[in-house]
$ cat model_27.txt   # compact mmCIF, C-alpha atoms
# COMPACT_ATOMS: atom_id res chain seq x y z
CA MET A 9 86.85 -10.75 -75.01
CA LYS A 10 86.06 -12.24 -71.60
CA LYS A 11 83.26 -14.78 -71.59
CA PRO A 12 80.27 -13.56 -69.57
CA VAL A 13 79.05 -15.21 -66.39
CA CYS A 14 75.51 -16.52 -66.71
CA ILE A 15 73.38 -15.58 -63.69
CA ILE A 16 70.12 -17.50 -63.36
CA GLY A 17 67.66 -15.41 -61.35
CA GLY A 18 67.00 -11.68 -61.40
CA GLY A 19 66.12 -11.07 -57.77
CA VAL A 20 68.26 -8.89 -55.52
CA ALA A 21 70.90 -11.62 -55.07
CA GLY A 22 71.29 -12.13 -58.82
CA MET A 23 71.37 -8.40 -59.48
CA GLN A 24 74.02 -7.97 -56.79
CA VAL A 25 76.17 -10.67 -58.44
CA ALA A 26 75.95 -8.87 -61.79
CA LEU A 27 76.75 -5.45 -60.32
CA VAL A 28 79.77 -6.64 -58.35
CA LEU A 29 81.05 -8.65 -61.32
CA SER A 30 80.89 -5.50 -63.45
CA SER A 31 82.87 -3.55 -60.84
CA LEU A 32 85.56 -6.24 -61.20
CA GLY A 33 85.54 -5.90 -64.99
CA MET A 34 83.59 -9.10 -65.65
CA PRO A 35 80.64 -9.20 -68.10
CA SER A 36 77.50 -11.09 -67.19
CA LEU A 37 74.30 -12.42 -68.70
CA LEU A 38 71.37 -12.11 -66.28
CA VAL A 39 68.56 -14.57 -67.11
CA GLU A 40 65.21 -14.04 -65.38
CA LYS A 41 62.17 -16.18 -66.21
CA SER A 42 59.60 -13.53 -65.24
CA PRO A 43 59.00 -10.33 -67.24
CA VAL A 44 60.47 -8.10 -64.49
CA LEU A 45 63.48 -8.00 -62.16
CA GLY A 46 63.56 -7.78 -58.37
CA GLY A 47 61.96 -11.05 -57.31
CA ARG A 48 59.76 -10.67 -54.24
CA VAL A 49 61.41 -7.55 -52.86
CA PRO A 50 59.43 -4.92 -54.89
CA LYS A 51 56.20 -5.91 -53.11
CA LEU A 52 57.63 -5.39 -49.62
CA SER A 53 56.03 -2.42 -47.89
CA ARG A 54 59.10 -2.18 -45.68
CA THR A 55 62.40 -3.94 -45.42
CA PHE A 56 63.73 -4.72 -41.95
CA PRO A 57 65.15 -3.71 -39.63
CA PHE A 58 64.33 -0.03 -40.07
CA PHE A 59 66.64 2.02 -37.88
CA ASN A 60 65.16 5.33 -39.02
CA ASP A 61 62.70 6.78 -41.50
CA ASP A 62 65.47 7.55 -44.00
CA GLY A 63 66.56 3.92 -44.45
CA PHE A 64 65.64 1.48 -47.20
CA ASN A 65 62.05 1.17 -46.02
CA ASP A 66 60.42 0.55 -49.39
CA GLY A 67 61.33 -2.67 -51.17
CA LYS A 68 60.46 -1.34 -54.61
CA GLU A 69 62.64 1.74 -54.20
CA PHE A 70 65.53 -0.53 -53.21
CA SER A 71 65.15 -2.97 -56.12
CA ASP A 72 64.42 -0.16 -58.61
CA ALA A 73 67.71 1.53 -57.70
CA MET A 74 69.56 -1.72 -58.36
CA GLU A 75 67.77 -2.21 -61.67
CA ARG A 76 68.63 1.31 -62.84
CA ASP A 77 72.31 0.56 -62.21
CA LEU A 78 71.99 -2.73 -64.09
CA ARG A 79 70.31 -1.27 -67.14
CA ALA A 80 72.91 1.49 -67.39
CA ASN A 81 75.86 -0.92 -67.21
CA PRO A 82 77.34 -1.98 -70.57
CA LEU A 83 78.86 -5.12 -69.04
CA ILE A 84 75.46 -6.54 -68.02
CA ASP A 85 73.12 -8.19 -70.56
CA VAL A 86 69.62 -8.57 -69.05
CA ARG A 87 67.25 -11.18 -70.50
CA CYS A 88 63.79 -11.17 -68.90
CA GLY A 89 61.21 -13.79 -69.83
CA ALA A 90 64.07 -16.22 -70.55
CA VAL A 91 64.86 -19.72 -69.25
CA VAL A 92 68.06 -21.77 -69.39
CA SER A 93 67.06 -25.08 -70.96
CA ALA A 94 70.46 -26.76 -71.38
CA LEU A 95 74.09 -26.52 -70.28
CA ARG A 96 76.97 -28.13 -72.18
CA GLY A 97 80.73 -28.18 -71.70
CA ASP A 98 82.92 -27.73 -68.66
CA PHE A 99 84.35 -24.85 -66.67
CA PRO A 100 85.47 -22.37 -67.97
CA ASN A 101 84.04 -23.25 -71.40
CA PHE A 102 80.30 -23.67 -71.00
CA THR A 103 77.56 -23.19 -73.57
CA ILE A 104 74.08 -22.40 -72.34
CA GLU A 105 70.96 -22.80 -74.39
CA LEU A 106 67.90 -20.67 -73.73
CA ALA A 107 64.37 -21.90 -74.23
CA ASP A 108 63.99 -19.55 -77.22
CA GLY A 109 66.77 -21.46 -79.02
CA ASN A 110 69.63 -19.01 -78.52
CA SER A 111 73.00 -20.47 -77.49
CA LEU A 112 75.72 -18.48 -75.74
CA ALA A 113 79.25 -19.24 -74.58
CA VAL A 114 79.78 -18.46 -70.88
CA GLY A 115 82.64 -18.97 -68.47
CA ALA A 116 80.64 -19.85 -65.34
CA VAL A 117 77.07 -20.11 -64.05
CA VAL A 118 75.60 -18.58 -60.89
CA VAL A 119 72.30 -19.89 -59.55
CA ALA A 120 70.33 -17.20 -57.69
CA THR A 121 66.82 -18.55 -58.03
CA GLY A 122 65.42 -17.42 -54.68
CA PHE A 123 62.61 -19.22 -52.86
CA THR A 124 58.90 -19.98 -52.89
CA PRO A 125 56.70 -19.27 -49.84
CA PHE A 126 55.15 -22.34 -48.24
CA ASP A 127 51.55 -22.99 -49.35
CA PRO A 128 49.47 -23.53 -46.16
CA THR A 129 46.46 -24.96 -47.99
CA SER A 130 47.42 -28.47 -46.82
CA LEU A 131 47.23 -27.46 -43.14
CA ALA A 132 43.46 -27.78 -42.66
CA GLU A 133 43.52 -26.53 -39.07
CA TYR A 134 44.12 -22.95 -40.26
CA GLY A 135 41.39 -22.85 -42.91
CA TYR A 136 43.51 -21.09 -45.51
CA GLY A 137 41.77 -21.21 -48.89
CA VAL A 138 38.47 -21.88 -47.10
CA TYR A 139 38.01 -18.80 -44.92
CA PRO A 140 38.63 -15.55 -46.83
CA ASN A 141 39.82 -13.75 -43.68
CA VAL A 142 42.71 -16.19 -43.20
CA ILE A 143 45.57 -14.93 -45.36
CA THR A 144 49.30 -15.49 -45.70
CA ALA A 145 52.02 -13.08 -44.59
CA THR A 146 52.85 -12.45 -48.26
CA GLU A 147 49.28 -11.34 -48.88
CA MET A 148 49.28 -9.16 -45.78
CA GLU A 149 52.59 -7.56 -46.81
CA TRP A 150 51.07 -6.54 -50.13
CA MET A 151 47.96 -5.27 -48.30
CA LEU A 152 50.13 -3.10 -46.03
CA ASN A 153 51.93 -1.68 -49.04
CA PRO A 154 50.64 1.78 -50.05
CA ARG A 155 50.91 0.62 -53.68
CA GLY A 156 48.86 -2.49 -52.92
CA PRO A 157 45.17 -3.24 -53.55
CA THR A 158 43.94 -1.48 -50.38
CA GLY A 159 46.30 1.50 -50.43
CA GLY A 160 48.04 0.23 -47.30
CA LYS A 161 44.86 -0.27 -45.24
CA LEU A 162 44.40 -3.48 -43.27
CA VAL A 163 40.97 -4.79 -44.25
CA ARG A 164 39.05 -8.05 -44.24
CA PRO A 165 38.98 -9.64 -47.70
CA SER A 166 35.44 -10.91 -47.07
CA ASP A 167 33.78 -7.48 -46.82
CA SER A 168 36.57 -4.84 -47.05
CA LYS A 169 35.86 -3.68 -43.48
CA GLN A 170 38.84 -2.36 -41.53
CA ALA A 171 40.52 -5.09 -39.50
CA GLU A 172 40.97 -3.96 -35.89
CA ARG A 173 41.85 -7.36 -34.42
CA LEU A 174 44.75 -9.23 -36.04
CA ALA A 175 46.21 -12.61 -35.17
CA ILE A 176 49.62 -13.57 -36.59
CA VAL A 177 50.55 -17.25 -36.48
CA PHE A 178 54.30 -17.94 -36.55
CA CYS A 179 56.09 -21.02 -37.93
CA VAL A 180 53.48 -22.06 -40.51
CA GLY A 181 55.29 -24.61 -42.66
CA SER A 182 58.47 -24.47 -40.56
CA ARG A 183 59.67 -26.38 -37.49
CA ASN A 184 57.05 -29.01 -38.28
CA ARG A 185 58.25 -32.60 -38.61
CA ARG A 186 54.76 -33.80 -39.47
CA ILE A 187 54.99 -32.14 -42.90
CA GLY A 188 58.69 -32.84 -43.39
CA ALA A 189 59.87 -29.33 -42.50
CA PRO A 190 61.86 -29.56 -39.25
CA PHE A 191 63.95 -26.51 -40.10
CA CYS A 192 63.52 -22.86 -39.07
CA SER A 193 62.97 -20.47 -41.99
CA ARG A 194 65.01 -17.73 -40.24
CA ILE A 195 63.01 -14.74 -41.47
CA CYS A 196 59.45 -15.44 -40.26
CA CYS A 197 59.78 -14.07 -36.71
CA SER A 198 61.40 -10.92 -38.02
CA TYR A 199 59.04 -10.12 -40.89
CA SER A 200 56.02 -10.97 -38.71
CA THR A 201 57.26 -8.65 -35.97
CA LYS A 202 57.82 -5.96 -38.61
CA GLN A 203 54.26 -6.37 -39.86
CA ALA A 204 52.78 -6.35 -36.35
CA SER A 205 54.74 -3.23 -35.46
CA THR A 206 53.63 -1.52 -38.67
CA VAL A 207 49.97 -2.26 -37.94
CA MET A 208 50.26 -0.80 -34.43
CA GLU A 209 52.15 2.23 -35.73
CA ARG A 210 49.34 3.03 -38.17
CA ASN A 211 46.51 2.16 -35.78
CA PRO A 212 47.48 2.31 -32.07
CA ARG A 213 43.94 1.18 -31.13
CA ALA A 214 44.38 -2.15 -32.93
CA LEU A 215 44.70 -5.49 -31.16
CA VAL A 216 47.59 -7.52 -32.57
CA ALA A 217 48.41 -10.95 -31.11
CA CYS A 218 51.37 -13.04 -32.27
CA PHE A 219 51.28 -16.78 -31.58
CA TYR A 220 54.82 -18.16 -31.47
CA MET A 221 56.95 -21.15 -30.48
CA ASP A 222 60.13 -19.13 -29.88
CA VAL A 223 60.92 -15.61 -31.07
CA ARG A 224 64.14 -15.78 -33.11
CA THR A 225 65.09 -12.24 -34.13
CA TYR A 226 68.77 -12.93 -34.43
CA ASP A 227 70.56 -10.22 -36.46
CA ARG A 228 71.72 -6.67 -35.81
CA GLY A 229 68.75 -4.40 -35.16
CA PHE A 230 66.23 -7.24 -35.15
CA GLU A 231 65.97 -7.59 -31.36
CA GLU A 232 65.44 -3.84 -31.13
CA MET A 233 62.60 -4.19 -33.64
CA TYR A 234 61.06 -6.92 -31.44
CA SER A 235 61.28 -4.61 -28.42
CA LEU A 236 59.71 -1.77 -30.41
CA ALA A 237 56.76 -3.99 -31.36
CA GLN A 238 56.12 -4.81 -27.70
CA GLU A 239 56.38 -1.13 -26.76
CA ARG A 240 53.74 -0.36 -29.38
CA GLY A 241 51.40 -2.88 -27.79
CA VAL A 242 51.84 -6.10 -29.78
CA ARG A 243 50.93 -9.13 -27.65
CA TYR A 244 53.06 -12.27 -27.86
CA ILE A 245 51.42 -15.55 -26.86
CA ARG A 246 53.69 -18.58 -26.65
CA GLY A 247 51.92 -21.59 -28.14
CA ARG A 248 50.87 -23.21 -31.39
CA VAL A 249 47.46 -22.46 -32.86
CA SER A 250 45.43 -25.67 -32.97
CA MET A 251 42.40 -24.44 -34.90
CA CYS A 252 40.93 -21.48 -36.78
CA ARG A 253 37.16 -21.45 -37.36
CA GLN A 254 35.01 -18.88 -39.15
CA LEU A 255 32.09 -17.36 -37.23
CA PRO A 256 28.80 -16.22 -38.84
CA ASP A 257 29.95 -12.58 -39.00
CA GLY A 258 33.15 -13.52 -40.83
CA SER A 259 35.39 -13.23 -37.77
CA ILE A 260 37.88 -16.00 -37.09
CA SER A 261 37.87 -17.87 -33.80
CA VAL A 262 41.41 -18.90 -32.85
CA ARG A 263 42.25 -21.63 -30.37
CA ALA A 264 45.73 -22.17 -28.99
CA GLU A 265 47.61 -23.35 -25.94
CA ASN A 266 49.37 -20.67 -23.91
CA THR A 267 52.36 -22.69 -22.79
CA LEU A 268 53.71 -19.94 -20.50
CA LEU A 269 50.48 -19.83 -18.48
CA ASN A 270 49.76 -23.52 -19.06
CA ARG A 271 46.17 -22.92 -20.10
CA PRO A 272 44.17 -22.78 -23.34
CA PHE A 273 43.60 -19.56 -25.27
CA SER A 274 40.52 -18.69 -27.28
CA GLY A 275 39.87 -15.39 -29.04
CA GLU A 276 38.10 -13.79 -31.99
CA PHE A 277 39.90 -11.82 -34.70
CA ASP A 278 38.94 -9.89 -37.81
CA LEU A 279 41.93 -11.23 -39.71
CA VAL A 280 44.43 -14.08 -39.29
CA SER A 281 47.81 -13.95 -41.03
CA LEU A 282 49.88 -17.10 -41.43
CA SER A 283 53.64 -16.53 -41.28
CA THR A 284 54.68 -19.01 -43.96
CA GLY A 285 58.23 -20.27 -44.22
CA MET A 286 60.54 -20.67 -47.20
CA ARG A 287 60.65 -23.47 -49.74
CA PRO A 288 63.00 -23.92 -52.71
CA CYS A 289 62.09 -22.28 -56.01
CA ALA A 290 59.27 -24.06 -57.83
CA ASP A 291 61.46 -25.49 -60.61
CA VAL A 292 64.40 -26.52 -58.38
CA ASN A 293 64.42 -30.18 -59.46
CA GLU A 294 64.23 -29.38 -63.18
CA LEU A 295 67.05 -26.87 -62.86
CA ALA A 296 69.15 -29.33 -60.86
CA ARG A 297 68.82 -31.84 -63.71
CA THR A 298 69.63 -29.23 -66.35
CA LEU A 299 72.78 -28.05 -64.55
CA GLU A 300 73.68 -31.49 -63.17
CA ILE A 301 73.97 -30.25 -59.60
CA THR A 302 72.64 -31.71 -56.36
CA CYS A 303 69.90 -30.75 -53.91
CA GLY A 304 69.88 -31.53 -50.20
CA PRO A 305 67.15 -33.29 -48.15
CA ASP A 306 65.44 -29.92 -47.60
CA GLY A 307 65.19 -29.36 -51.36
CA PHE A 308 67.65 -26.45 -51.57
CA PHE A 309 70.84 -26.74 -53.62
CA LEU A 310 73.86 -28.30 -51.95
CA CYS A 311 77.22 -26.57 -51.82
CA ARG A 312 80.45 -28.48 -52.30
CA GLU A 313 81.80 -27.84 -48.82
CA TRP A 314 79.82 -25.94 -46.20
CA PHE A 315 82.72 -24.13 -44.49
CA ARG A 316 85.44 -23.65 -47.11
CA HIS A 317 83.37 -23.34 -50.30
CA PRO A 318 79.81 -22.41 -49.29
CA HIS A 319 79.05 -20.84 -52.69
CA ASP A 320 80.36 -23.63 -54.95
CA ALA A 321 77.76 -26.06 -56.27
CA THR A 322 78.53 -29.75 -56.66
CA ARG A 323 79.69 -29.24 -60.27
CA ASP A 324 82.80 -27.26 -61.20
CA GLY A 325 82.06 -23.79 -62.52
CA ILE A 326 78.55 -23.50 -61.05
CA PHE A 327 77.99 -21.28 -58.03
CA LEU A 328 75.13 -20.54 -55.64
CA ALA A 329 73.89 -17.24 -54.22
CA GLY A 330 71.09 -16.06 -51.97
CA CYS A 331 68.21 -18.35 -51.03
CA ALA A 332 69.26 -20.97 -53.58
CA THR A 333 71.16 -22.64 -50.71
CA GLY A 334 68.59 -22.03 -47.98
CA MET A 335 66.65 -19.48 -45.99
CA LYS A 336 68.18 -15.98 -45.76
CA PRO A 337 67.06 -12.38 -45.17
CA ILE A 338 67.76 -9.73 -47.81
CA ARG A 339 70.99 -8.48 -46.27
CA ASN A 340 72.53 -11.97 -46.31
CA CYS A 341 71.46 -12.42 -49.94
CA MET A 342 73.29 -9.22 -50.81
CA ILE A 343 76.41 -10.38 -48.96
CA ASP A 344 76.16 -13.71 -50.78
CA GLY A 345 75.95 -11.94 -54.14
CA ALA A 346 79.13 -9.96 -53.52
CA ALA A 347 81.00 -13.01 -52.22
CA VAL A 348 79.99 -15.15 -55.20
CA ALA A 349 81.06 -12.45 -57.66
CA ALA A 350 84.50 -12.27 -56.06
CA ARG A 351 84.84 -16.07 -56.03
CA VAL A 352 83.82 -16.43 -59.69
CA THR A 353 86.14 -13.63 -60.82
CA ALA A 354 89.14 -15.11 -59.00
CA LEU A 355 88.58 -18.60 -60.44
CA LEU A 356 88.02 -17.33 -63.99
CA GLN A 357 91.18 -15.23 -63.85
CA GLU A 358 93.10 -18.25 -62.55
CA ALA A 359 91.69 -20.42 -65.33
CA GLN A 360 92.67 -17.89 -67.99
CA VAL A 361 96.23 -17.74 -66.67
$ encode --input "model_27.txt" --output "C-alpha cells"
Amino acid sequence: MKKPVCIIGGGVAGMQVALVLSSLGMPSLLVEKSPVLGGRVPKLSRTFPFFNDDGFNDGKEFSDAMERDLRANPLIDVRCGAVVSALRGDFPNFTIELADGNSLAVGAVVVATGFTPFDPTSLAEYGYGVYPNVITATEMEWMLNPRGPTGGKLVRPSDSKQAERLAIVFCVGSRNRRIGAPFCSRICCSYSTKQASTVMERNPRALVACFYMDVRTYDRGFEEMYSLAQERGVRYIRGRVSMCRQLPDGSISVRAENTLLNRPFSGEFDLVSLSTGMRPCADVNELARTLEITCGPDGFFLCREWFRHPHDATRDGIFLAGCATGMKPIRNCMIDGAAVAARVTALLQEAQV
C-alpha cells in the first residue's frame, strides 16, 4: 500500500492537489480545520475574468463540482473539522498526529492553507468598524451574491436602502510601508473591477467610483474586464483616499487627491467598499512551528528555491501550494495544485525505488 500524502487545507488549491494526485494513482488525506470544503471561493458571486455567461461565474458551483469529485474518489480521505497538531519522522516516512489524537503514517505533506483578508480596522482614516456603511470587499462580494443576505442587492447596512452611489478604495492594506505591507496583493484591482462592473451591469444608473494608485489587471482576460467596466460607466480616480466621514443621513463623505488632475476630490457616497489585500492564514506561525518550516518577512511560507523548486518548503518532504506562498488568483492556485501533485508523486516514486 502506498502511503497517503497529507494535504493541509481544503480550499480549491488543496482539493486540486488531491484530485491530481488521485489521477496519478496516489492516495491522499485532506485535512481541513473548518466543517466545510472550498475555502473562500463558495461565497464568490462571480469568479473572474468572465469571458461569457457560460463560464465558471459562480464560485460555489465551481467548488461544489470539485467537492463532488473528491467525495466520490476512493483514493481521497477527507477529514473536515480536523487539525494537524504534530509531525514526526522524515521524508518519506512521516507520522502526523491530529488534534483528536489520531496518528497516521504519510509519505509527504502539502500545505495549502490559503490566506486571510487584511483587517482594515486599524486604518482609522476609513472608519471601518465605526461607520456601518463602510464595508470590506469580502462583505460586498457576499452582498452581491444572490445567495447572500440581501439576495444580490447592493444596500446600505445602516438602513437597508438601495445603494446608488458606491466608492471602491483600492490597495487597503497593500502597498503601504507605514503598516509594514509594501507588497501588492495582485488580486485587488481585478476583483474590485469585477465588483464595480457587476454593480453597473445590474444598475446602469448607479454611480461607481474607484480610487486607485495604479490599475494592475495583469492576466489573460483581466485587461478586457477593466475595459468593460469603463464602458459600463465605472469612474476611475487616481489617488489615495485620505479620509472617510459619516454624514447625518448615513452617507459617507470621501476625500482624496486626484493626482492626474492635481487637485483634491470630495464626494458623497451611499456605500464605501475597501479593497483589502491578502495576509497569511491566521495560524501560519503555529503551523510553521509544527511542521518546522520557515516563513518569509511578509509572513507567507518560504520555498526552498524560488526558481527551481518554488513548491518545496524549507524541510524535505513538505510542499507548498496556492496562497500559502503568497498572493495568487484562483487560476494560479489551481495551476499550483497540479504542479505540486506532480512534484510530490515524482519524488515519492523515486524514494520508493
$ closest_residue --input "model_27.txt" --among "A:Lys336, A:Ala296, A:Arg243, A:Ala189" --to "A:Asp227" --atoms "all atoms listed in the file"
A:Lys336
$ closest_residue --input "model_27.txt" --among "A:Phe273, A:Arg164, A:Val119, A:Val216" --to "A:Ile301" --atoms "all atoms listed in the file"
A:Val119
$ residues_around --input "model_27.txt" --residues "A:Leu78" --least-positions-apart "5" --cutoff "10 Å" --atoms "only C-alpha atoms" --output "PyMOL selection string"
chain A and resi 23-24+26-27+30+38+72-73+83-86
$ write_last_selection --input "model_27.txt" --atoms "C-alpha atoms" --output "compact mmCIF listing (two decimals), in the coordinates of the input"
# COMPACT_ATOMS: atom_id res chain seq x y z
CA MET A 23 71.37 -8.40 -59.48
CA GLN A 24 74.02 -7.97 -56.79
CA ALA A 26 75.95 -8.87 -61.79
CA LEU A 27 76.75 -5.45 -60.32
CA SER A 30 80.89 -5.50 -63.45
CA LEU A 38 71.37 -12.11 -66.28
CA ASP A 72 64.42 -0.16 -58.61
CA ALA A 73 67.71 1.53 -57.70
CA LEU A 83 78.86 -5.12 -69.04
CA ILE A 84 75.46 -6.54 -68.02
CA ASP A 85 73.12 -8.19 -70.56
CA VAL A 86 69.62 -8.57 -69.05
$ closest_residue --input "model_27.txt" --among "A:Cys192, A:Ala107, A:Phe99, A:Gly345" --to "A:Glu358" --atoms "all atoms listed in the file"
A:Phe99
$ closest_residue --input "model_27.txt" --among "A:Arg339, A:Ser166, A:Phe277, A:Tyr199" --to "A:Ala217" --atoms "only C-alpha atoms"
A:Phe277
$ residues_around --input "model_27.txt" --residues "A:Leu174" --least-positions-apart "4" --cutoff "10 Å" --atoms "all atoms listed in the file" --output "count of residues only"
16
$ atom_distance --input "model_27.txt" --atom1 "atom CA of A:Ile176" --atom2 "atom CA of A:Cys197"
10.2 Å
$ atom_distance --input "model_27.txt" --atom1 "atom CA of A:Ala90" --atom2 "atom CA of A:Gly33"
24.5 Å
$ closest_residue --input "model_27.txt" --among "A:Ile15, A:Ala171, A:Ala113, A:Ala132" --to "A:Val91" --atoms "all atoms listed in the file"
A:Ile15
$ closest_residue --input "model_27.txt" --among "A:Asn211, A:Thr144, A:Asn340, A:Ser250" --to "A:Asp127" --atoms "all atoms listed in the file"
A:Thr144
$ residues_around --input "model_27.txt" --residues "A:Arg240" --least-positions-apart "4" --cutoff "9 Å" --atoms "all atoms listed in the file" --output "JSON, numbers by chain"
{"A": [205, 208, 209, 212, 235, 236]}
